[in-house]
Amino acid sequence: MASYIDIKGKRFLVTGGSSGLGRETAVQLSRRGALVIVTGRNPEKLAQTLSLMEGEGHISHAADLTKADEIAALVDAIQAVDGVVHFAGISVPMPFRMISEKFLDDIIASNFKSVFLLTQRLIAKNKINKGGSIVLASSIAAHTGTVGMGAYSAIKAGLEGVMAPLFLELAPKKIRVNAIAPAIVRTEIFTDIQQSWLDEQEKLYPLGLGRPIDVANAVIFLMSSASSYMTATTLVMDGGCIQVR
Amino acid sequence: MDDDFSLSGKTVLVTGATSGIGRALAQALAQEGARVFATGRSRERLDQVLAELHGTGHGGETADLTDPDQITNLVNAAPELNGIVLNSGVIAKLRPFQMEDAAHMQEVMNVNFFGPVNLLNQLVKKKKVASGCSIVFNTSMASLIGTPATSAYAASKGALAVVAKSIANDLGRKKIRSNSVCFGYVQTEALMGSNVSSELFEAVPLGVPKPEEVVGPILYLLSDASRWVTRTTLIVDGGVTLKQSRTL
């Protein structure tokens, strides 16, 4: 094992851990000897994630992070962590002219307020250790964008805007804040019908579409001391996609 | 288990390997089981670095990258490469733009930009760059924020950061990746020996690291864990540009 990735025995909180990138990240963290707390809304799917993880000492805790009382219960239930990665969120394409106030409120609640309020609570309750690492799941949509992603792009850009002020406030505790900004990753959120669209998209990617493990590896890097002096930065990962600025 | 972060068995060229980040990187690569092909200008210091590397199979050749003949010699001596780290460079004389002159700017561009880029160009043409190879350009926060009194240096590093992206586009279909790492202050001999004010170091939120403390991002970019990462810049500055961009 590569010795510069030193996360063995460290404890991490992974949100959105019931599927996709969150699940893959939880599993890959566990394979490297980390202790993982996974959270998500669906207890059965969280149990599946737990069953895929290696080693002992992992915990699942179901929570809807759009609800303040469930955030509080989650934070109260866990031991202090060395890092948190926020994968929880939704992505629903919607043309700008059709975005209702309700749609906007829902996507802000799921993708932005949840991250903001969970992080705030973790800090208030001293649940992030000195030297810890906070990783935000941004998206290439924050930097470029495509039709139908107006709300999503804005919210991901908003998350990245939190990084610098949050880090500067946490700097006395050497807690770092970074973001990952992936382009298209093949996960189970894409339906069978979307596979031919994905194949078309892949032609724009010299290195192919992303795999969940590519994103998990980026998180592992940002959780490890290999990235000790990286903070308030965005790790863009797009396989060299030719349509991305 | 398969370890995407492993560097074992990879052959990696490191320029500027005789001091600072380059030497620390060569040592870390050797520790991780990679084969290092090191280069620098001083025979004595290169031999010393090579002698101290962990394990076997390492090699190197001296070269002044501003001399085309020495580039040719280096390229001919180089094995097929899975990783290339273009780290060599000088810290230019600190001088405000009003005091800058063409000869100094040309000299800085020759050492920091044309040297490493011409070397890479020859390595590609002579087929020393393996499919799947990862190319890493070491740049500076000067390229991000245009630090004061360093116009020549900032320009040379900015040029590297952009050429890294262009190369990523040109070589992507061959599965060759190209990225840059943008460093803030690091306790290298070159920086500590320069006339940079130590007061500036106090503005760094996470402190000023030793060279061996900042090689991690390069190791990540050289490994298969970053298989999908190309044409990007990792900023490794301890948060200093968050403050300097506003206060200077």
# chains A, B, ... in the order shown; residues from 1 in each chain; ligands from 1
call {"tool": "interface_residues", "arguments": {"of": "chain A", "to": "chain B", "cutoff": "10 Å", "atoms": "only C-alpha atoms", "output": "number ranges by chain"}}
result
A: 1-5, 31-32, 131, 164-165, 167-168, 170-176, 182-183, 205-211, 213-218, 220-222, 224-242
call {"tool": "select_by_dssp", "arguments": {"residues": "region 80-120 of chain A", "states": "strand (DSSP E)", "output": "short mmCIF file (atom, residue, chain, number, x, y, z; two decimals) with N, CA and C atoms, in the first residue's frame"}}
result
data_model
loop_
_atom_site.label_atom_id
_atom_site.label_comp_id
_atom_site.auth_asym_id
_atom_site.auth_seq_id
_atom_site.Cartn_x
_atom_site.Cartn_y
_atom_site.Cartn_z
N VAL A 81 -14.92 13.43 14.19
CA VAL A 81 -14.37 12.84 12.97
C VAL A 81 -13.14 13.63 12.49
N ASP A 82 -12.33 12.96 11.67
CA ASP A 82 -11.15 13.59 11.06
C ASP A 82 -11.48 14.19 9.70
N GLY A 83 -12.68 13.90 9.24
CA GLY A 83 -13.08 14.48 7.96
C GLY A 83 -14.53 14.21 7.69
N VAL A 84 -15.11 15.06 6.87
CA VAL A 84 -16.49 14.84 6.43
C VAL A 84 -16.55 15.14 4.95
N VAL A 85 -17.25 14.28 4.21
CA VAL A 85 -17.48 14.54 2.79
C VAL A 85 -18.98 14.56 2.55
N HIS A 86 -19.40 15.63 1.92
CA HIS A 86 -20.84 15.90 1.74
C HIS A 86 -21.29 15.48 0.35
#
call {"tool": "residues_around", "arguments": {"residues": "region 142-156 of chain A", "least_positions_apart": "4", "cutoff": "10 Å", "atoms": "only C-alpha atoms", "output": "MDAnalysis selection string"}}
result
chainID A and resid 89:99 103:105 107:108 111:113 136:138 160:161 179 181:183 236 243:245
call {"tool": "write_last_selection", "arguments": {"atoms": "N, CA and C atoms", "output": "compact mmCIF listing (two decimals), in the first residue's frame"}}
result
# COMPACT_ATOMS: atom_id res chain seq x y z
N GLY A 89 -27.38 15.06 -1.84
CA GLY A 89 -27.88 16.09 -2.74
C GLY A 89 -28.66 15.47 -3.87
N ILE A 90 -29.34 16.33 -4.61
CA ILE A 90 -30.13 15.84 -5.74
C ILE A 90 -29.74 16.63 -6.98
N SER A 91 -29.96 16.02 -8.13
CA SER A 91 -29.71 16.69 -9.40
C SER A 91 -30.90 16.43 -10.31
N VAL A 92 -31.72 17.43 -10.51
CA VAL A 92 -32.88 17.29 -11.39
C VAL A 92 -32.81 18.39 -12.46
N PRO A 93 -32.58 18.02 -13.72
CA PRO A 93 -32.52 19.03 -14.76
C PRO A 93 -33.88 19.71 -14.92
N MET A 94 -33.86 21.01 -15.16
CA MET A 94 -35.10 21.76 -15.34
C MET A 94 -34.76 23.05 -16.10
N PRO A 95 -35.43 23.27 -17.22
CA PRO A 95 -35.16 24.52 -17.95
C PRO A 95 -35.42 25.72 -17.06
N PHE A 96 -34.62 26.73 -17.24
CA PHE A 96 -34.67 27.89 -16.35
C PHE A 96 -36.08 28.49 -16.26
N ARG A 97 -36.73 28.63 -17.42
CA ARG A 97 -38.04 29.28 -17.41
C ARG A 97 -39.10 28.45 -16.71
N MET A 98 -38.82 27.18 -16.44
CA MET A 98 -39.82 26.31 -15.80
C MET A 98 -39.53 26.06 -14.32
N ILE A 99 -38.45 26.64 -13.80
CA ILE A 99 -38.10 26.41 -12.40
C ILE A 99 -39.10 27.15 -11.50
N PHE A 103 -39.47 24.19 -6.54
CA PHE A 103 -38.33 23.43 -7.07
C PHE A 103 -37.02 24.03 -6.55
N LEU A 104 -36.95 25.35 -6.65
CA LEU A 104 -35.73 26.04 -6.21
C LEU A 104 -35.49 25.83 -4.71
N ASP A 105 -36.54 25.97 -3.92
CA ASP A 105 -36.41 25.77 -2.48
C ASP A 105 -35.95 24.35 -2.16
N ILE A 107 -34.23 22.23 -4.07
CA ILE A 107 -32.85 21.92 -4.48
C ILE A 107 -31.87 22.67 -3.57
N ILE A 108 -32.27 23.86 -3.11
CA ILE A 108 -31.41 24.58 -2.15
C ILE A 108 -31.37 23.83 -0.81
N ASN A 111 -29.20 20.48 -1.45
CA ASN A 111 -27.81 20.57 -1.90
C ASN A 111 -26.99 21.64 -1.19
N PHE A 112 -27.67 22.59 -0.59
CA PHE A 112 -26.91 23.70 0.00
C PHE A 112 -27.14 23.83 1.50
N LYS A 113 -28.39 24.03 1.92
CA LYS A 113 -28.64 24.23 3.35
C LYS A 113 -28.20 23.02 4.16
N LEU A 136 -16.28 19.19 0.02
CA LEU A 136 -17.58 19.51 -0.55
C LEU A 136 -17.70 18.87 -1.93
N ALA A 137 -18.86 18.30 -2.21
CA ALA A 137 -19.08 17.73 -3.54
C ALA A 137 -19.66 18.81 -4.43
N SER A 138 -18.77 19.48 -5.14
CA SER A 138 -19.21 20.44 -6.14
C SER A 138 -19.41 19.68 -7.44
N GLU A 160 -18.96 26.29 -3.43
CA GLU A 160 -17.54 26.61 -3.54
C GLU A 160 -17.24 27.98 -2.91
N GLY A 161 -18.24 28.84 -2.95
CA GLY A 161 -18.07 30.15 -2.33
C GLY A 161 -17.94 30.10 -0.83
N ALA A 179 -13.01 21.31 -2.30
CA ALA A 179 -14.12 20.77 -3.08
C ALA A 179 -13.60 19.90 -4.20
N ALA A 181 -14.82 18.72 -8.08
CA ALA A 181 -15.77 19.15 -9.12
C ALA A 181 -15.70 18.17 -10.29
N PRO A 182 -16.40 17.04 -10.16
CA PRO A 182 -16.37 16.06 -11.25
C PRO A 182 -17.31 16.40 -12.40
N ALA A 183 -16.94 15.96 -13.59
CA ALA A 183 -17.85 15.96 -14.73
C ALA A 183 -18.68 14.66 -14.64
N VAL A 236 -10.75 19.85 -9.88
CA VAL A 236 -11.59 19.61 -11.06
C VAL A 236 -11.19 18.27 -11.66
N GLN A 243 -15.44 19.89 -23.96
CA GLN A 243 -16.41 20.98 -23.92
C GLN A 243 -16.34 21.77 -22.62
N VAL A 244 -15.33 21.53 -21.84
CA VAL A 244 -15.25 22.19 -20.55
C VAL A 244 -14.18 23.28 -20.60
N ARG A 245 -14.51 24.40 -20.06
CA ARG A 245 -13.56 25.50 -20.03
C ARG A 245 -12.47 25.19 -19.02
call {"tool": "residues_around", "arguments": {"residues": "Asn138 (chain B)", "least_positions_apart": "5", "cutoff": "8 Å", "atoms": "only C-alpha atoms", "output": "list in words"}}
result
Val85, Leu86, Asn87, Ser180, Val181, Cys182 and Phe183 of chain B
call {"tool": "write_last_selection", "arguments": {"atoms": "N, CA and C atoms", "output": "short mmCIF file (atom, residue, chain, number, x, y, z; two decimals), in the first residue's frame"}}
result
data_model
loop_
_atom_site.label_atom_id
_atom_site.label_comp_id
_atom_site.auth_asym_id
_atom_site.auth_seq_id
_atom_site.Cartn_x
_atom_site.Cartn_y
_atom_site.Cartn_z
N VAL B 85 8.07 14.88 -14.08
CA VAL B 85 7.82 16.04 -13.22
C VAL B 85 8.79 17.15 -13.59
N LEU B 86 8.23 18.20 -14.19
CA LEU B 86 9.04 19.33 -14.64
C LEU B 86 9.06 20.34 -13.51
N ASN B 87 10.11 20.25 -12.72
CA ASN B 87 10.19 20.95 -11.46
C ASN B 87 11.28 22.02 -11.45
N SER B 180 -0.81 20.72 -13.51
CA SER B 180 0.19 21.53 -12.81
C SER B 180 -0.12 21.59 -11.32
N VAL B 181 0.93 21.79 -10.54
CA VAL B 181 0.79 21.99 -9.10
C VAL B 181 1.34 23.36 -8.77
N CYS B 182 0.49 24.17 -8.19
CA CYS B 182 0.82 25.57 -7.93
C CYS B 182 1.20 25.72 -6.46
N PHE B 183 2.47 25.95 -6.19
CA PHE B 183 2.96 26.01 -4.81
C PHE B 183 2.99 27.43 -4.27
#
call {"tool": "residues_around", "arguments": {"residues": "region 105-119 of chain B", "least_positions_apart": "4", "cutoff": "9 Å", "atoms": "only C-alpha atoms", "output": "PyMOL selection string"}}
result
chain B and resi 15+64-68+71-72+74-75+86-92+100-101+123-124+137+151-153+155-157+159-160+163
call {"tool": "write_last_selection", "arguments": {"atoms": "N, CA and C atoms", "output": "PDB file, in the first residue's frame"}}
result
ATOM      1  N   THR B  15      12.996  16.645 -12.957  1.00  0.00           N
ATOM      2  CA  THR B  15      14.003  17.676 -13.249  1.00  0.00           C
ATOM      3  C   THR B  15      14.189  18.544 -12.007  1.00  0.00           C
ATOM      4  N   ASP B  64      21.847  20.924 -18.420  1.00  0.00           N
ATOM      5  CA  ASP B  64      21.400  22.323 -18.351  1.00  0.00           C
ATOM      6  C   ASP B  64      20.345  22.444 -19.445  1.00  0.00           C
ATOM      7  N   LEU B  65      19.093  22.607 -19.036  1.00  0.00           N
ATOM      8  CA  LEU B  65      17.984  22.533 -19.991  1.00  0.00           C
ATOM      9  C   LEU B  65      17.898  23.745 -20.906  1.00  0.00           C
ATOM     10  N   THR B  66      18.781  24.734 -20.712  1.00  0.00           N
ATOM     11  CA  THR B  66      18.807  25.849 -21.658  1.00  0.00           C
ATOM     12  C   THR B  66      19.721  25.534 -22.852  1.00  0.00           C
ATOM     13  N   ASP B  67      20.372  24.358 -22.813  1.00  0.00           N
ATOM     14  CA  ASP B  67      21.292  23.961 -23.888  1.00  0.00           C
ATOM     15  C   ASP B  67      20.670  22.808 -24.682  1.00  0.00           C
ATOM     16  N   PRO B  68      20.295  23.037 -25.960  1.00  0.00           N
ATOM     17  CA  PRO B  68      19.631  21.991 -26.762  1.00  0.00           C
ATOM     18  C   PRO B  68      20.426  20.692 -26.832  1.00  0.00           C
ATOM     19  N   ILE B  71      19.865  18.768 -23.737  1.00  0.00           N
ATOM     20  CA  ILE B  71      18.533  18.157 -23.746  1.00  0.00           C
ATOM     21  C   ILE B  71      18.556  16.864 -24.565  1.00  0.00           C
ATOM     22  N   THR B  72      19.175  16.926 -25.735  1.00  0.00           N
ATOM     23  CA  THR B  72      19.273  15.736 -26.593  1.00  0.00           C
ATOM     24  C   THR B  72      19.965  14.596 -25.864  1.00  0.00           C
ATOM     25  N   LEU B  74      20.199  14.155 -22.658  1.00  0.00           N
ATOM     26  CA  LEU B  74      19.340  13.685 -21.562  1.00  0.00           C
ATOM     27  C   LEU B  74      18.228  12.785 -22.104  1.00  0.00           C
ATOM     28  N   VAL B  75      17.614  13.216 -23.198  1.00  0.00           N
ATOM     29  CA  VAL B  75      16.502  12.437 -23.773  1.00  0.00           C
ATOM     30  C   VAL B  75      17.013  11.067 -24.235  1.00  0.00           C
ATOM     31  N   LEU B  86       8.234  18.195 -14.192  1.00  0.00           N
ATOM     32  CA  LEU B  86       9.041  19.329 -14.639  1.00  0.00           C
ATOM     33  C   LEU B  86       9.055  20.345 -13.509  1.00  0.00           C
ATOM     34  N   ASN B  87      10.111  20.246 -12.725  1.00  0.00           N
ATOM     35  CA  ASN B  87      10.191  20.954 -11.456  1.00  0.00           C
ATOM     36  C   ASN B  87      11.282  22.016 -11.449  1.00  0.00           C
ATOM     37  N   SER B  88      12.214  21.923 -12.410  1.00  0.00           N
ATOM     38  CA  SER B  88      13.380  22.812 -12.365  1.00  0.00           C
ATOM     39  C   SER B  88      12.979  24.259 -12.607  1.00  0.00           C
ATOM     40  N   GLY B  89      13.743  25.145 -12.042  1.00  0.00           N
ATOM     41  CA  GLY B  89      13.490  26.569 -12.257  1.00  0.00           C
ATOM     42  C   GLY B  89      14.293  27.407 -11.304  1.00  0.00           C
ATOM     43  N   VAL B  90      14.297  28.688 -11.586  1.00  0.00           N
ATOM     44  CA  VAL B  90      14.989  29.624 -10.698  1.00  0.00           C
ATOM     45  C   VAL B  90      13.976  30.590 -10.103  1.00  0.00           C
ATOM     46  N   ILE B  91      14.287  31.057  -8.921  1.00  0.00           N
ATOM     47  CA  ILE B  91      13.540  32.187  -8.386  1.00  0.00           C
ATOM     48  C   ILE B  91      14.234  33.429  -8.927  1.00  0.00           C
ATOM     49  N   ALA B  92      13.490  34.196  -9.699  1.00  0.00           N
ATOM     50  CA  ALA B  92      14.100  35.351 -10.345  1.00  0.00           C
ATOM     51  C   ALA B  92      14.470  36.404  -9.310  1.00  0.00           C
ATOM     52  N   GLU B 100      12.637  46.175 -14.284  1.00  0.00           N
ATOM     53  CA  GLU B 100      12.827  44.945 -15.062  1.00  0.00           C
ATOM     54  C   GLU B 100      13.490  45.270 -16.403  1.00  0.00           C
ATOM     55  N   ASP B 101      14.211  44.296 -16.953  1.00  0.00           N
ATOM     56  CA  ASP B 101      14.785  44.523 -18.277  1.00  0.00           C
ATOM     57  C   ASP B 101      14.684  43.257 -19.116  1.00  0.00           C
ATOM     58  N   LEU B 123      11.094  14.633 -25.513  1.00  0.00           N
ATOM     59  CA  LEU B 123      10.712  13.331 -24.942  1.00  0.00           C
ATOM     60  C   LEU B 123       9.527  12.737 -25.701  1.00  0.00           C
ATOM     61  N   VAL B 124       8.555  13.600 -26.063  1.00  0.00           N
ATOM     62  CA  VAL B 124       7.392  13.124 -26.822  1.00  0.00           C
ATOM     63  C   VAL B 124       7.839  12.659 -28.205  1.00  0.00           C
ATOM     64  N   PHE B 137       3.643  19.706 -14.032  1.00  0.00           N
ATOM     65  CA  PHE B 137       4.419  20.949 -14.076  1.00  0.00           C
ATOM     66  C   PHE B 137       4.347  21.598 -12.693  1.00  0.00           C
ATOM     67  N   SER B 151       7.581  40.030 -11.942  1.00  0.00           N
ATOM     68  CA  SER B 151       6.869  39.912 -13.222  1.00  0.00           C
ATOM     69  C   SER B 151       7.468  38.833 -14.115  1.00  0.00           C
ATOM     70  N   ALA B 152       8.786  38.731 -14.169  1.00  0.00           N
ATOM     71  CA  ALA B 152       9.405  37.722 -15.033  1.00  0.00           C
ATOM     72  C   ALA B 152       9.089  36.315 -14.530  1.00  0.00           C
ATOM     73  N   TYR B 153       9.238  36.137 -13.238  1.00  0.00           N
ATOM     74  CA  TYR B 153       8.963  34.828 -12.632  1.00  0.00           C
ATOM     75  C   TYR B 153       7.498  34.449 -12.808  1.00  0.00           C
ATOM     76  N   ALA B 155       5.377  35.464 -15.003  1.00  0.00           N
ATOM     77  CA  ALA B 155       5.090  35.180 -16.412  1.00  0.00           C
ATOM     78  C   ALA B 155       5.555  33.780 -16.790  1.00  0.00           C
ATOM     79  N   SER B 156       6.750  33.394 -16.314  1.00  0.00           N
ATOM     80  CA  SER B 156       7.284  32.079 -16.683  1.00  0.00           C
ATOM     81  C   SER B 156       6.432  30.962 -16.103  1.00  0.00           C
ATOM     82  N   LYS B 157       5.956  31.149 -14.869  1.00  0.00           N
ATOM     83  CA  LYS B 157       5.139  30.108 -14.235  1.00  0.00           C
ATOM     84  C   LYS B 157       3.727  30.092 -14.816  1.00  0.00           C
ATOM     85  N   ALA B 159       3.019  30.829 -17.871  1.00  0.00           N
ATOM     86  CA  ALA B 159       3.153  30.169 -19.173  1.00  0.00           C
ATOM     87  C   ALA B 159       3.158  28.651 -19.005  1.00  0.00           C
ATOM     88  N   LEU B 160       3.846  28.163 -17.973  1.00  0.00           N
ATOM     89  CA  LEU B 160       3.873  26.712 -17.718  1.00  0.00           C
ATOM     90  C   LEU B 160       2.472  26.190 -17.400  1.00  0.00           C
ATOM     91  N   VAL B 163       0.538  26.024 -20.654  1.00  0.00           N
ATOM     92  CA  VAL B 163       1.020  25.025 -21.608  1.00  0.00           C
ATOM     93  C   VAL B 163       0.660  23.621 -21.107  1.00  0.00           C
TER      94      VAL B 163
END
call {"tool": "residues_around", "arguments": {"residues": "Arg35 (chain B)", "least_positions_apart": "6", "cutoff": "9 Å", "atoms": "only C-alpha atoms", "output": "ChimeraX atom specification"}}
result
/B:7-13,29,55-59
call {"tool": "closest_residue", "arguments": {"among": "B:Gln70, B:Gln27, B:Leu94, B:Arg41", "to": "Leu53 (chain B)", "atoms": "only C-alpha atoms"}}
result
B:Gln27
call {"tool": "decode", "arguments": {"residues": "region 149-180 of chain B", "atoms": "C-alpha atoms", "output": "PDB file, in the first residue's frame"}}
result
ATOM      1  CA  ALA B 149       8.235  42.485  -7.930  1.00  0.00           C
ATOM      2  CA  THR B 150       8.257  39.164  -9.762  1.00  0.00           C
ATOM      3  CA  SER B 151       6.869  39.912 -13.222  1.00  0.00           C
ATOM      4  CA  ALA B 152       9.405  37.722 -15.033  1.00  0.00           C
ATOM      5  CA  TYR B 153       8.963  34.828 -12.632  1.00  0.00           C
ATOM      6  CA  ALA B 154       5.154  35.114 -12.621  1.00  0.00           C
ATOM      7  CA  ALA B 155       5.090  35.180 -16.412  1.00  0.00           C
ATOM      8  CA  SER B 156       7.284  32.079 -16.683  1.00  0.00           C
ATOM      9  CA  LYS B 157       5.139  30.108 -14.235  1.00  0.00           C
ATOM     10  CA  GLY B 158       1.903  31.340 -15.795  1.00  0.00           C
ATOM     11  CA  ALA B 159       3.153  30.169 -19.173  1.00  0.00           C
ATOM     12  CA  LEU B 160       3.873  26.712 -17.718  1.00  0.00           C
ATOM     13  CA  ALA B 161       0.406  26.489 -16.149  1.00  0.00           C
ATOM     14  CA  VAL B 162      -1.251  27.195 -19.484  1.00  0.00           C
ATOM     15  CA  VAL B 163       1.020  25.025 -21.608  1.00  0.00           C
ATOM     16  CA  ALA B 164       0.185  22.159 -19.227  1.00  0.00           C
ATOM     17  CA  LYS B 165      -3.471  22.517 -20.228  1.00  0.00           C
ATOM     18  CA  SER B 166      -2.773  22.737 -23.940  1.00  0.00           C
ATOM     19  CA  ILE B 167      -0.575  19.636 -23.785  1.00  0.00           C
ATOM     20  CA  ALA B 168      -3.363  17.812 -21.911  1.00  0.00           C
ATOM     21  CA  ASN B 169      -5.677  18.498 -24.836  1.00  0.00           C
ATOM     22  CA  ASP B 170      -3.123  17.408 -27.438  1.00  0.00           C
ATOM     23  CA  LEU B 171      -2.047  14.179 -25.716  1.00  0.00           C
ATOM     24  CA  GLY B 172      -5.303  13.170 -24.006  1.00  0.00           C
ATOM     25  CA  ARG B 173      -6.314  10.650 -26.662  1.00  0.00           C
ATOM     26  CA  LYS B 174      -3.018   8.861 -26.047  1.00  0.00           C
ATOM     27  CA  LYS B 175      -4.074   8.592 -22.388  1.00  0.00           C
ATOM     28  CA  ILE B 176      -1.252  10.918 -21.423  1.00  0.00           C
ATOM     29  CA  ARG B 177      -2.287  13.324 -18.661  1.00  0.00           C
ATOM     30  CA  SER B 178      -0.874  16.766 -17.966  1.00  0.00           C
ATOM     31  CA  ASN B 179      -1.510  18.863 -14.851  1.00  0.00           C
ATOM     32  CA  SER B 180       0.189  21.531 -12.807  1.00  0.00           C
TER      33      SER B 180
END
